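Novice: The file below is input-v8.tsv, TSV, C-alpha atoms:
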```tsv
chain	number	residue	atom	x	y	z
B	41	MET	CA	-28.21	12.27	115.66
B	42	LEU	CA	-31.83	12.25	114.70
B	43	THR	CA	-31.93	16.02	114.82
B	44	TRP	CA	-28.87	16.26	112.64
B	45	VAL	CA	-30.34	13.84	110.10
B	46	THR	CA	-33.58	15.80	110.06
B	47	GLU	CA	-31.76	19.06	109.56
B	48	THR	CA	-29.61	17.52	106.86
B	49	ARG	CA	-32.69	16.20	105.04
B	50	THR	CA	-34.39	19.57	105.39
B	51	THR	CA	-31.32	21.34	104.10
B	52	THR	CA	-31.12	18.89	101.21
B	53	ARG	CA	-34.79	19.41	100.32
B	54	VAL	CA	-34.32	23.19	100.32
B	55	ALA	CA	-31.22	22.87	98.17
B	56	VAL	CA	-33.03	20.59	95.71
B	57	ARG	CA	-36.04	22.92	95.52
B	58	GLY	CA	-33.75	25.85	94.85
B	59	ALA	CA	-31.95	23.93	92.12
B	60	ILE	CA	-35.29	23.04	90.53
B	61	ARG	CA	-36.42	26.67	90.62
B	62	ARG	CA	-33.15	27.80	89.02
B	63	THR	CA	-33.48	25.12	86.33
B	64	LEU	CA	-37.07	26.11	85.52
B	65	LEU	CA	-36.13	29.78	85.44
B	66	ALA	CA	-33.24	29.07	83.09
B	67	ALA	CA	-35.54	27.03	80.84
B	68	ALA	CA	-38.08	29.85	80.76
B	69	VAL	CA	-35.40	32.35	79.82
B	70	THR	CA	-34.16	30.03	77.06
B	71	LEU	CA	-37.66	29.54	75.62
B	72	SER	CA	-38.30	33.27	75.79
B	73	ALA	CA	-35.12	33.92	73.84
B	74	LEU	CA	-36.05	31.31	71.25
B	75	TRP	CA	-39.67	32.29	70.67
B	76	GLY	CA	-39.87	35.91	71.67
B	77	THR	CA	-42.15	37.58	74.20
B	78	PRO	CA	-45.02	38.09	74.14
B	79	GLN	CA	-46.35	35.33	71.90
B	80	ALA	CA	-48.99	36.43	69.36
B	81	GLY	CA	-50.74	33.10	69.82
B	82	ALA	CA	-51.15	33.74	73.55
B	83	ALA	CA	-52.99	37.03	73.00
B	84	GLU	CA	-56.69	37.51	72.31
B	85	PRO	CA	-57.18	37.07	68.53
B	86	ILE	CA	-58.39	39.80	66.23
B	87	ARG	CA	-61.52	38.32	64.67
B	88	ILE	CA	-62.48	38.99	61.07
B	89	GLY	CA	-65.99	38.13	59.90
B	90	GLU	CA	-66.13	36.63	56.41
B	91	VAL	CA	-69.35	36.11	54.44
B	92	ASN	CA	-69.46	34.28	51.11
B	93	SER	CA	-71.50	32.08	48.78
B	94	TYR	CA	-69.82	28.80	49.72
B	95	SER	CA	-72.75	26.52	48.95
B	96	ARG	CA	-73.85	28.45	45.86
B	97	LEU	CA	-70.56	28.67	43.96
B	98	PRO	CA	-67.95	26.31	45.48
B	99	ALA	CA	-65.80	26.34	42.33
B	100	PHE	CA	-64.73	29.86	43.28
B	101	THR	CA	-65.31	30.09	47.01
B	102	GLU	CA	-63.45	26.95	48.07
B	103	PRO	CA	-60.18	28.07	46.42
B	104	TYR	CA	-60.92	31.51	47.87
B	105	ARG	CA	-61.10	30.04	51.37
B	106	LYS	CA	-57.83	28.18	50.81
B	107	GLY	CA	-56.08	31.38	49.76
B	108	LEU	CA	-57.50	33.22	52.74
B	109	LEU	CA	-56.34	30.55	55.20
B	110	LEU	CA	-52.89	30.39	53.64
B	111	ALA	CA	-52.50	34.12	54.24
B	112	GLN	CA	-53.83	33.78	57.79
B	113	ASP	CA	-51.26	31.06	58.55
B	114	GLN	CA	-48.41	33.14	57.14
B	115	ILE	CA	-49.46	36.24	59.06
B	116	ASN	CA	-49.80	34.38	62.37
B	117	ALA	CA	-46.52	32.52	61.86
B	118	ASN	CA	-44.86	35.93	61.66
B	119	GLY	CA	-46.34	37.17	64.93
B	120	GLY	CA	-49.83	38.17	63.86
B	121	VAL	CA	-50.89	41.82	63.82
B	122	LEU	CA	-50.43	44.19	66.75
B	123	GLY	CA	-49.06	41.22	68.70
B	124	ARG	CA	-52.30	39.29	68.24
B	125	PRO	CA	-53.19	36.39	65.93
B	126	LEU	CA	-55.82	36.84	63.24
B	127	GLU	CA	-58.85	34.56	63.33
B	128	VAL	CA	-61.26	34.42	60.39
B	129	ILE	CA	-64.81	33.31	61.12
B	130	THR	CA	-66.66	32.34	57.93
B	131	ARG	CA	-70.37	32.23	57.17
B	132	ASP	CA	-72.28	31.01	54.10
B	133	ASP	CA	-74.78	33.42	52.55
B	134	GLY	CA	-76.14	30.95	49.97
B	135	GLY	CA	-76.01	33.71	47.37
B	136	LYS	CA	-78.90	35.51	49.08
B	137	PRO	CA	-78.69	39.12	50.32
B	138	GLY	CA	-81.02	38.43	53.27
B	139	ASP	CA	-78.92	35.51	54.47
B	140	ALA	CA	-75.77	37.58	54.08
B	141	ILE	CA	-77.20	40.31	56.30
B	142	THR	CA	-78.22	37.76	58.92
B	143	ALA	CA	-74.74	36.25	58.87
B	144	ALA	CA	-73.04	39.65	59.09
B	145	ASN	CA	-75.24	40.64	62.01
B	146	GLU	CA	-74.37	37.44	63.89
B	147	LEU	CA	-70.67	37.96	63.25
B	148	LEU	CA	-70.85	41.43	64.77
B	149	SER	CA	-73.13	40.73	67.72
B	150	ARG	CA	-72.15	37.20	68.70
B	151	ASP	CA	-68.60	36.75	67.44
B	152	GLN	CA	-67.47	40.33	68.09
B	153	VAL	CA	-65.55	40.65	64.82
B	154	SER	CA	-63.56	43.82	64.16
B	155	LEU	CA	-64.37	44.06	60.44
B	156	LEU	CA	-66.27	42.29	57.68
B	157	MET	CA	-64.88	40.80	54.49
B	158	GLY	CA	-65.87	38.75	51.45
B	159	THR	CA	-69.06	38.21	49.36
B	160	PHE	CA	-69.17	37.08	45.73
B	161	PHE	CA	-72.37	38.14	43.97
B	162	SER	CA	-72.77	41.86	43.28
B	163	HIS	CA	-76.27	42.17	44.71
B	164	VAL	CA	-75.11	40.43	47.90
B	165	GLY	CA	-72.08	42.71	48.13
B	166	LEU	CA	-74.30	45.79	47.80
B	167	ALA	CA	-76.52	44.53	50.61
B	168	VAL	CA	-73.58	43.94	52.96
B	169	ALA	CA	-72.08	47.31	52.04
B	170	ASP	CA	-75.32	49.02	53.07
B	171	PHE	CA	-75.35	46.98	56.29
B	172	ALA	CA	-71.76	48.02	57.01
B	173	GLN	CA	-72.69	51.66	56.64
B	174	GLN	CA	-75.65	51.27	59.00
B	175	LYS	CA	-73.58	49.42	61.61
B	176	LYS	CA	-70.49	51.59	61.09
B	177	VAL	CA	-68.09	48.70	60.48
B	178	LEU	CA	-65.43	48.40	57.80
B	179	PHE	CA	-66.33	46.03	54.94
B	180	LEU	CA	-63.61	44.77	52.61
B	181	ALA	CA	-65.50	43.48	49.56
B	182	ALA	CA	-63.31	40.85	47.96
B	183	GLU	CA	-65.13	39.79	44.80
B	184	PRO	CA	-68.33	41.75	43.88
B	185	LEU	CA	-67.63	43.51	40.59
B	186	THR	CA	-70.47	45.99	40.11
B	187	ASP	CA	-69.39	49.63	39.74
B	188	ALA	CA	-72.20	50.66	42.07
B	189	LEU	CA	-70.35	49.20	45.04
B	190	ILE	CA	-67.76	51.98	45.08
B	191	TRP	CA	-69.39	54.65	42.95
B	192	SER	CA	-73.15	55.29	42.80
B	193	GLN	CA	-73.81	53.38	46.05
B	194	GLY	CA	-70.36	53.73	47.58
B	195	ASN	CA	-69.94	54.63	51.25
B	196	ASP	CA	-67.19	55.45	53.72
B	197	TYR	CA	-67.13	51.95	55.20
B	198	THR	CA	-66.76	49.86	52.01
B	199	PHE	CA	-63.56	49.07	50.10
B	200	ARG	CA	-63.30	46.77	47.07
B	201	LEU	CA	-60.39	44.52	46.07
B	202	ARG	CA	-61.08	43.07	42.59
B	203	PRO	CA	-61.13	45.16	39.41
B	204	SER	CA	-64.69	46.26	38.69
B	205	VAL	CA	-66.80	45.45	35.64
B	206	SER	CA	-65.95	48.79	34.04
B	207	MET	CA	-62.22	48.21	34.58
B	208	GLN	CA	-62.32	44.74	33.01
B	209	ALA	CA	-64.73	45.92	30.30
B	210	LYS	CA	-62.24	48.60	29.25
B	211	MET	CA	-59.44	46.02	29.14
B	212	LEU	CA	-61.52	43.82	26.85
B	213	ALA	CA	-62.83	46.71	24.75
B	214	GLU	CA	-59.26	47.61	23.77
B	215	GLN	CA	-58.97	44.22	22.08
B	216	ALA	CA	-62.55	44.11	20.81
B	217	ALA	CA	-62.12	47.44	19.03
B	218	LYS	CA	-59.48	45.83	16.79
B	219	LEU	CA	-62.03	43.38	15.39
B	220	PRO	CA	-63.66	44.34	12.06
B	221	ALA	CA	-67.11	43.41	13.43
B	222	LYS	CA	-69.73	46.13	13.60
B	223	ARG	CA	-72.90	44.22	14.59
B	224	TRP	CA	-72.60	43.16	18.24
B	225	ALA	CA	-74.88	41.12	20.50
B	226	THR	CA	-74.60	40.47	24.23
B	227	VAL	CA	-75.55	37.68	26.63
B	228	ALA	CA	-75.39	38.09	30.41
B	229	PRO	CA	-77.10	36.85	33.57
B	230	ASN	CA	-80.08	38.95	34.53
B	231	TYR	CA	-78.92	40.50	37.80
B	232	GLU	CA	-76.73	43.39	38.96
B	233	TYR	CA	-73.39	41.98	37.80
B	234	GLY	CA	-74.64	41.05	34.33
B	235	THR	CA	-76.51	44.26	33.62
B	236	SER	CA	-73.67	46.47	34.84
B	237	ALA	CA	-71.09	44.48	32.86
B	238	VAL	CA	-73.02	44.84	29.60
B	239	ALA	CA	-73.55	48.56	30.18
B	240	ALA	CA	-69.86	49.08	30.93
B	241	PHE	CA	-68.69	47.14	27.87
B	242	LYS	CA	-71.10	48.98	25.58
B	243	ASP	CA	-69.86	52.34	26.84
B	244	ALA	CA	-66.20	51.34	26.52
B	245	LEU	CA	-66.44	49.82	23.06
B	246	THR	CA	-68.71	52.53	21.64
B	247	ALA	CA	-66.23	55.17	22.83
B	248	LEU	CA	-63.49	53.43	20.84
B	249	ARG	CA	-65.68	52.45	17.88
B	250	PRO	CA	-68.61	54.83	17.29
B	251	ASP	CA	-69.57	52.76	14.24
B	252	ILE	CA	-70.65	49.82	16.42
B	253	GLU	CA	-74.29	48.67	16.19
B	254	TRP	CA	-75.88	46.73	19.06
B	255	VAL	CA	-78.31	44.28	17.49
B	256	GLY	CA	-79.43	41.98	20.32
B	257	GLU	CA	-79.38	41.20	24.04
B	258	GLN	CA	-80.11	38.01	25.95
B	259	TRP	CA	-80.68	37.94	29.72
B	260	PRO	CA	-80.88	34.34	31.01
B	261	ALA	CA	-81.58	33.77	34.69
B	262	GLN	CA	-78.41	33.32	36.72
B	263	GLY	CA	-77.83	29.62	37.41
B	264	ASN	CA	-80.80	28.59	35.29
B	265	ILE	CA	-79.95	29.34	31.66
B	266	ASP	CA	-82.08	27.88	28.87
B	267	ALA	CA	-79.05	27.47	26.63
B	268	ALA	CA	-80.93	26.25	23.55
B	269	ALA	CA	-83.35	29.19	23.56
B	270	THR	CA	-80.56	31.67	24.28
B	271	VAL	CA	-78.39	30.41	21.42
B	272	GLN	CA	-81.32	30.36	19.01
B	273	ALA	CA	-82.30	33.94	19.87
B	274	LEU	CA	-78.74	35.16	19.36
B	275	ALA	CA	-78.44	33.40	16.02
B	276	LEU	CA	-81.61	35.11	14.75
B	277	VAL	CA	-80.11	38.62	15.04
B	278	LYS	CA	-77.06	37.57	12.98
B	279	PRO	CA	-74.34	39.29	15.02
B	280	GLU	CA	-70.80	39.73	13.73
B	281	ALA	CA	-69.39	39.51	17.28
B	282	LEU	CA	-70.63	38.60	20.73
B	283	PHE	CA	-69.95	39.83	24.26
B	284	ASN	CA	-70.54	37.06	26.83
B	285	VAL	CA	-70.86	37.49	30.61
B	286	THR	CA	-72.19	34.04	31.60
B	287	PHE	CA	-70.03	32.05	34.01
B	288	GLY	CA	-70.03	28.84	36.04
B	289	PRO	CA	-72.39	26.04	34.97
B	290	ASP	CA	-74.31	28.51	32.77
B	291	LEU	CA	-71.16	29.13	30.72
B	292	THR	CA	-70.56	25.41	30.19
B	293	LYS	CA	-74.13	24.89	28.99
B	294	PHE	CA	-73.97	27.95	26.74
B	295	VAL	CA	-70.67	26.91	25.13
B	296	ARG	CA	-71.87	23.36	24.56
B	297	GLU	CA	-75.16	24.40	22.97
B	298	GLY	CA	-73.56	27.17	20.91
B	299	SER	CA	-70.93	24.78	19.58
B	300	VAL	CA	-73.51	22.14	18.64
B	301	ARG	CA	-75.67	24.70	16.84
B	302	GLY	CA	-72.74	26.37	15.11
B	303	LEU	CA	-73.26	29.77	16.74
B	304	PHE	CA	-69.55	30.28	17.28
B	305	ASP	CA	-68.51	29.33	13.75
B	306	ASP	CA	-66.58	32.37	12.49
B	307	LEU	CA	-68.09	34.46	15.30
B	308	PRO	CA	-65.57	36.42	17.42
B	309	VAL	CA	-66.45	36.24	21.11
B	310	VAL	CA	-65.28	38.55	23.89
B	311	SER	CA	-65.96	36.93	27.25
B	312	LEU	CA	-65.61	38.32	30.76
B	313	LEU	CA	-63.95	35.98	33.33
B	314	THR	CA	-63.92	32.94	31.01
B	315	GLY	CA	-60.14	32.60	31.22
B	316	GLU	CA	-60.29	31.96	34.96
B	317	PRO	CA	-59.51	28.33	35.90
B	318	GLU	CA	-62.75	28.13	37.87
B	319	TYR	CA	-64.70	28.40	34.62
B	320	LEU	CA	-62.15	27.27	32.04
B	321	ASP	CA	-61.36	23.93	33.70
B	322	PRO	CA	-64.92	22.51	33.48
B	323	LEU	CA	-64.95	23.20	29.73
B	324	GLY	CA	-61.92	20.95	29.15
B	325	ALA	CA	-61.85	19.72	25.55
B	326	GLU	CA	-64.96	21.80	24.82
B	327	THR	CA	-63.03	25.05	25.37
B	328	PRO	CA	-63.63	27.32	22.38
B	329	GLU	CA	-60.55	28.57	20.57
B	330	GLY	CA	-59.67	32.23	20.25
B	331	TRP	CA	-62.14	33.89	22.60
B	332	ILE	CA	-60.82	37.18	24.01
B	333	VAL	CA	-61.05	36.84	27.79
B	334	THR	CA	-59.94	38.03	31.18
B	335	GLY	CA	-58.52	35.24	33.33
B	336	TYR	CA	-55.60	33.77	35.25
B	337	PRO	CA	-52.86	31.76	33.48
B	338	TRP	CA	-51.45	30.57	36.80
B	339	SER	CA	-48.85	28.17	35.42
B	340	GLN	CA	-47.28	30.75	33.12
B	341	ILE	CA	-46.78	33.74	35.42
B	342	THR	CA	-43.09	34.12	36.29
B	343	THR	CA	-42.98	37.20	38.53
B	344	PRO	CA	-41.24	36.69	41.91
B	345	GLU	CA	-44.41	37.62	43.85
B	346	HIS	CA	-46.50	35.04	42.05
B	347	GLN	CA	-43.84	32.35	42.17
B	348	ALA	CA	-43.60	32.72	45.97
B	349	PHE	CA	-47.38	32.52	46.30
B	350	LEU	CA	-47.62	29.53	43.96
B	351	LYS	CA	-44.92	27.61	45.83
B	352	ALA	CA	-46.56	28.21	49.22
B	353	TYR	CA	-50.05	27.36	47.93
B	354	GLN	CA	-48.97	24.11	46.30
B	355	ALA	CA	-46.95	23.12	49.37
B	356	LYS	CA	-49.97	23.58	51.64
B	357	TYR	CA	-52.73	22.15	49.44
B	358	ASN	CA	-51.00	19.99	46.82
B	359	ASP	CA	-53.17	21.79	44.26
B	360	TYR	CA	-52.89	24.71	41.86
B	361	PRO	CA	-54.44	28.10	42.66
B	362	ARG	CA	-57.48	29.59	41.00
B	363	VAL	CA	-58.47	33.24	40.80
B	364	GLY	CA	-60.42	32.72	44.01
B	365	SER	CA	-57.18	31.65	45.71
B	366	VAL	CA	-55.48	34.91	44.74
B	367	VAL	CA	-58.50	36.97	45.80
B	368	GLY	CA	-58.80	35.24	49.19
B	369	TYR	CA	-55.07	35.55	49.85
B	370	SER	CA	-54.94	39.21	48.79
B	371	ALA	CA	-58.05	40.09	50.78
B	372	MET	CA	-56.54	38.65	53.95
B	373	MET	CA	-53.22	40.41	53.36
B	374	SER	CA	-55.14	43.64	52.79
B	375	ALA	CA	-57.04	43.25	56.07
B	376	ALA	CA	-53.78	42.60	57.93
B	377	ALA	CA	-52.11	45.63	56.36
B	378	ILE	CA	-55.05	47.87	57.28
B	379	LEU	CA	-55.06	46.65	60.89
B	380	LYS	CA	-51.32	47.11	61.21
B	381	LYS	CA	-51.39	50.63	59.80
B	382	ALA	CA	-54.40	51.59	61.94
B	383	GLY	CA	-52.67	50.39	65.10
B	384	SER	CA	-56.02	49.34	66.55
B	385	THR	CA	-59.35	47.75	65.69
B	386	ASP	CA	-61.25	51.04	65.96
B	387	THR	CA	-63.40	51.47	62.85
B	388	ALA	CA	-62.51	55.11	62.27
B	389	ALA	CA	-58.81	54.25	62.49
B	390	LEU	CA	-59.29	51.32	60.10
B	391	ILE	CA	-61.03	53.50	57.51
B	392	ALA	CA	-58.34	56.17	57.73
B	393	ALA	CA	-55.66	53.51	57.34
B	394	ALA	CA	-57.37	51.82	54.36
B	395	ARG	CA	-57.54	55.04	52.33
B	396	GLY	CA	-54.49	55.08	50.09
B	397	ILE	CA	-52.88	51.99	51.66
B	398	ASP	CA	-50.39	49.94	49.64
B	399	VAL	CA	-50.61	46.14	49.82
B	400	ALA	CA	-48.39	43.41	48.38
B	401	THR	CA	-50.27	40.72	46.39
B	402	PRO	CA	-49.34	37.77	44.14
B	403	PHE	CA	-50.03	40.09	41.17
B	404	GLY	CA	-47.73	42.79	42.52
B	405	PRO	CA	-48.30	45.88	44.70
B	406	ILE	CA	-51.74	47.49	44.75
B	407	THR	CA	-53.23	50.62	46.29
B	408	PHE	CA	-56.70	51.19	47.71
B	409	ARG	CA	-57.50	54.62	46.33
B	410	ALA	CA	-58.63	57.23	48.83
B	411	ALA	CA	-60.98	58.83	46.29
B	412	ASP	CA	-63.30	55.86	45.73
B	413	HIS	CA	-61.97	52.96	47.88
B	414	GLN	CA	-61.22	50.89	44.75
B	415	SER	CA	-58.00	48.89	44.65
B	416	THR	CA	-55.69	49.00	41.66
B	417	LEU	CA	-55.50	45.20	41.34
B	418	GLY	CA	-55.47	44.33	37.66
B	419	ALA	CA	-56.33	41.35	35.47
B	420	PHE	CA	-54.82	39.22	32.73
B	421	VAL	CA	-56.22	39.59	29.21
B	422	GLY	CA	-55.58	36.96	26.55
B	423	LYS	CA	-57.24	34.31	24.39
B	424	THR	CA	-58.60	30.84	25.02
B	425	ALA	CA	-57.00	27.76	23.54
B	426	GLN	CA	-56.82	24.01	24.10
B	427	LYS	CA	-53.75	22.10	25.25
B	428	ASP	CA	-53.80	18.36	25.93
B	429	GLY	CA	-57.59	18.39	26.20
B	430	ALA	CA	-57.70	21.27	28.68
B	431	GLY	CA	-58.57	24.92	28.35
B	432	VAL	CA	-55.72	27.43	28.70
B	433	MET	CA	-54.98	31.10	28.16
B	434	VAL	CA	-52.50	32.19	25.48
B	435	ASP	CA	-51.20	35.51	24.18
B	436	PHE	CA	-51.91	37.10	27.56
B	437	SER	CA	-50.62	40.17	29.35
B	438	TYR	CA	-51.31	41.73	32.73
B	439	ARG	CA	-53.23	45.00	32.79
B	440	ASN	CA	-52.65	47.28	35.78
B	441	GLY	CA	-55.98	48.28	37.28
B	442	ALA	CA	-54.80	51.84	37.88
B	443	ASP	CA	-54.72	52.42	34.11
B	444	TYR	CA	-58.45	51.69	33.80
B	445	LEU	CA	-59.81	53.89	36.57
B	446	PRO	CA	-61.07	57.46	36.21
B	447	PRO	CA	-58.98	60.25	37.78
B	448	PRO	CA	-59.55	60.59	41.54
B	449	GLU	CA	-61.53	63.81	41.18
B	450	GLN	CA	-63.90	62.23	38.65
B	451	ALA	CA	-64.26	59.05	40.71
B	452	ALA	CA	-65.06	61.03	43.86
B	453	ALA	CA	-67.79	62.87	41.94
B	454	LEU	CA	-69.42	59.53	41.09
B	455	ARG	CA	-69.99	58.75	44.78
B	456	PRO	CA	-72.97	59.91	46.86
B	457	HIS	CA	-72.52	63.30	48.46
```
What do you get writing this file as structure tokens?
Specialist:
Amino acid sequence: MLTWVTETRTTTRVAVRGAIRRTLLAAAVTLSALWGTPQAGAAEPIRIGEVNSYSRLPAFTEPYRKGLLLAQDQINANGGVLGRPLEVITRDDGGKPGDAITAANELLSRDQVSLLMGTFFSHVGLAVADFAQQKKVLFLAAEPLTDALIWSQGNDYTFRLRPSVSMQAKMLAEQAAKLPAKRWATVAPNYEYGTSAVAAFKDALTALRPDIEWVGEQWPAQGNIDAAATVQALALVKPEALFNVTFGPDLTKFVREGSVRGLFDDLPVVSLLTGEPEYLDPLGAETPEGWIVTGYPWSQITTPEHQAFLKAYQAKYNDYPRVGSVVGYSAMMSAAAILKKAGSTDTAALIAAARGIDVATPFGPITFRAADHQSTLGAFVGKTAQKDGAGVMVDFSYRNGADYLPPPEQAAALRPH
């Protein structure tokens, strides 16, 4: 009897264990069918090293980071890239080339990133581009605008997302050429971005209006403008129109001082970047009326691509996007597209994939040209105005970046041989 009971209990335990195994197996099969196999989240992530001036210019870089992370979430929710999730590791360069190089070196050596991305200031972007060439790693420059980045100092490892200073200068020059003004003055921060922007605008406007006379230049220190002295010096040369390149806190100080001193009374102003929310929002009720600007009228863009981006961004952050948001989002989508096309994280494969690649962005499809590694992302051109005590853009239209780039053969000739 005892033996029989023992055998029965043993048989029962075996039967129960078998039933448990079959139940667990069935559950595993069900989960596999629901979620797919293998899971991107279970694989080793593809790490992307991102360097930017977070502490130096948070008005742009914080929205940029939000756009970047939104894209990362969307990509990973759809299975990642090559069956692996993307992981962005960010570093702050403080707006200093030396700190950017240190950060980039740490990302490569310690964090084992597969490519580099980001930077804001042009001189910082140039430094990281040179570093990328030395270390033979792909660098996707998101924001730096100097032409040198892809032309005179361009290299095989560097690609640039945003439209350059010459592209945006040509967009603005088309409108500036319609003004009757002949005597022009300029004001720009005294570093790579400012000097290259002024040179590009002068070339573009002079080509359209050979009768233009350049009567004065002001070069305040970036982030440390003496607005009173700058406005006074500009007033002394009696310009009939002004090209402005100041941005951030410098722009706010310049606008305030110029308005108080009457500099802008009956003076047409053409202003690079001023229509971007990052710089327009702080002006508020002080926003000057009628300036010709490049910018981002986020609430008035009705294209399906932008509406989808806007809805997702507002759902995640309960906030409206800035230009930085679009740049961060598009940069991340570009990196994912390059990795997917390359089929690996090998640098040579990434470079080959990036040349001529098409990428979807909130502004529509763009292409990274094989000839000079410049994307065809465009910009909005319009005028400043005030609405309910806030600065807005009016009378705007989108300009396709491809229409403001030199032919591929000419662009290739501008690069080092």
Novice: Counting all atoms listed in the file, which residue out of B:Leu97, B:Leu185, B:Ile115, B:Val432 sits closest to Asp290 of chain B?
Specialist: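 Smallest separation from Asp290 of chain B among the options: B:Leu97.
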Novice: Within 9 Å of Ala425 of chain B, counting all atoms listed in the file, which residues show up once you throw out same-chain ones fewer than 3 positions away? Write them as a PyMOL selection string, please.
Specialist: chain B and resi 327-331+430-434
Novice: So which residues touch Pro344 of chain B within 12 Å, counting only C-alpha atoms, skipping near sequence neighbours fewer than 3 positions away, as number ranges by chain?
Specialist: B: 341, 347-351, 400-405
Novice: Please determine an axis-aligned box that encloses all atoms of segment 98-108 of chain B listed in the file, with 5 Å added on each side, and express its centre and edge lengths in Å to one decimal as lines of an AutoDock Vina configuration file.
Specialist:
```
center_x = -62.0
center_y = 29.8
center_z = 47.5
size_x = 21.9
size_y = 16.9
size_z = 20.4
```
Novice: Would you kindly return, as number ranges by chain, each protein, DNA or RNA residue with an atom no farther than 9 Å from any atom of Val285 of chain B, considering only C-alpha atoms and excluding same-chain residues fewer than 5 positions away?
Specialist: B: 226-229, 233-234, 237-238, 291, 310-314
Novice: Which of these, B:Asp306, B:Glu90, B:Glu127, B:Asp435, has the shortest distance to Leu178 of chain B once you count all atoms listed in the file?
Specialist: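 Result for the nearest residue to Leu178 of chain B: B:Glu90.
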Novice: Gly324 of chain B: which residues within 12 Å, counting only C-alpha atoms, same-chain residues fewer than 5 positions away excluded, as a short mmCIF file (atom, residue, chain, number, x, y, z; two decimals) with C-alpha atoms, in the frame of the given file?
Specialist:
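Resulting contents of result03.cif:
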```cif
data_model
loop_
_atom_site.label_atom_id
_atom_site.label_comp_id
_atom_site.auth_asym_id
_atom_site.auth_seq_id
_atom_site.Cartn_x
_atom_site.Cartn_y
_atom_site.Cartn_z
CA THR B 292 -70.56 25.41 30.19
CA VAL B 295 -70.67 26.91 25.13
CA ARG B 296 -71.87 23.36 24.56
CA GLY B 315 -60.14 32.60 31.22
CA PRO B 317 -59.51 28.33 35.90
CA GLU B 318 -62.75 28.13 37.87
CA TYR B 319 -64.70 28.40 34.62
CA GLU B 329 -60.55 28.57 20.57
CA THR B 424 -58.60 30.84 25.02
CA ALA B 425 -57.00 27.76 23.54
CA GLN B 426 -56.82 24.01 24.10
CA LYS B 427 -53.75 22.10 25.25
CA ASP B 428 -53.80 18.36 25.93
CA GLY B 429 -57.59 18.39 26.20
CA ALA B 430 -57.70 21.27 28.68
CA GLY B 431 -58.57 24.92 28.35
CA VAL B 432 -55.72 27.43 28.70
#
```
Novice: How far is it from atom CA of Val153 of chain B to atom CA of Thr186 of chain B, in Å with one decimal?
Specialist: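 Rounded to one decimal, the two atoms are 25.8 Å apart.
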Novice: So which one's closest to Pro456 of chain B, B:Leu180, B:Leu303, B:Ile190, B:Ile397? Using only C-alpha atoms, please.
Specialist: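 Using only C-alpha atoms, the shortest distance to Pro456 of chain B belongs to B:Ile190.
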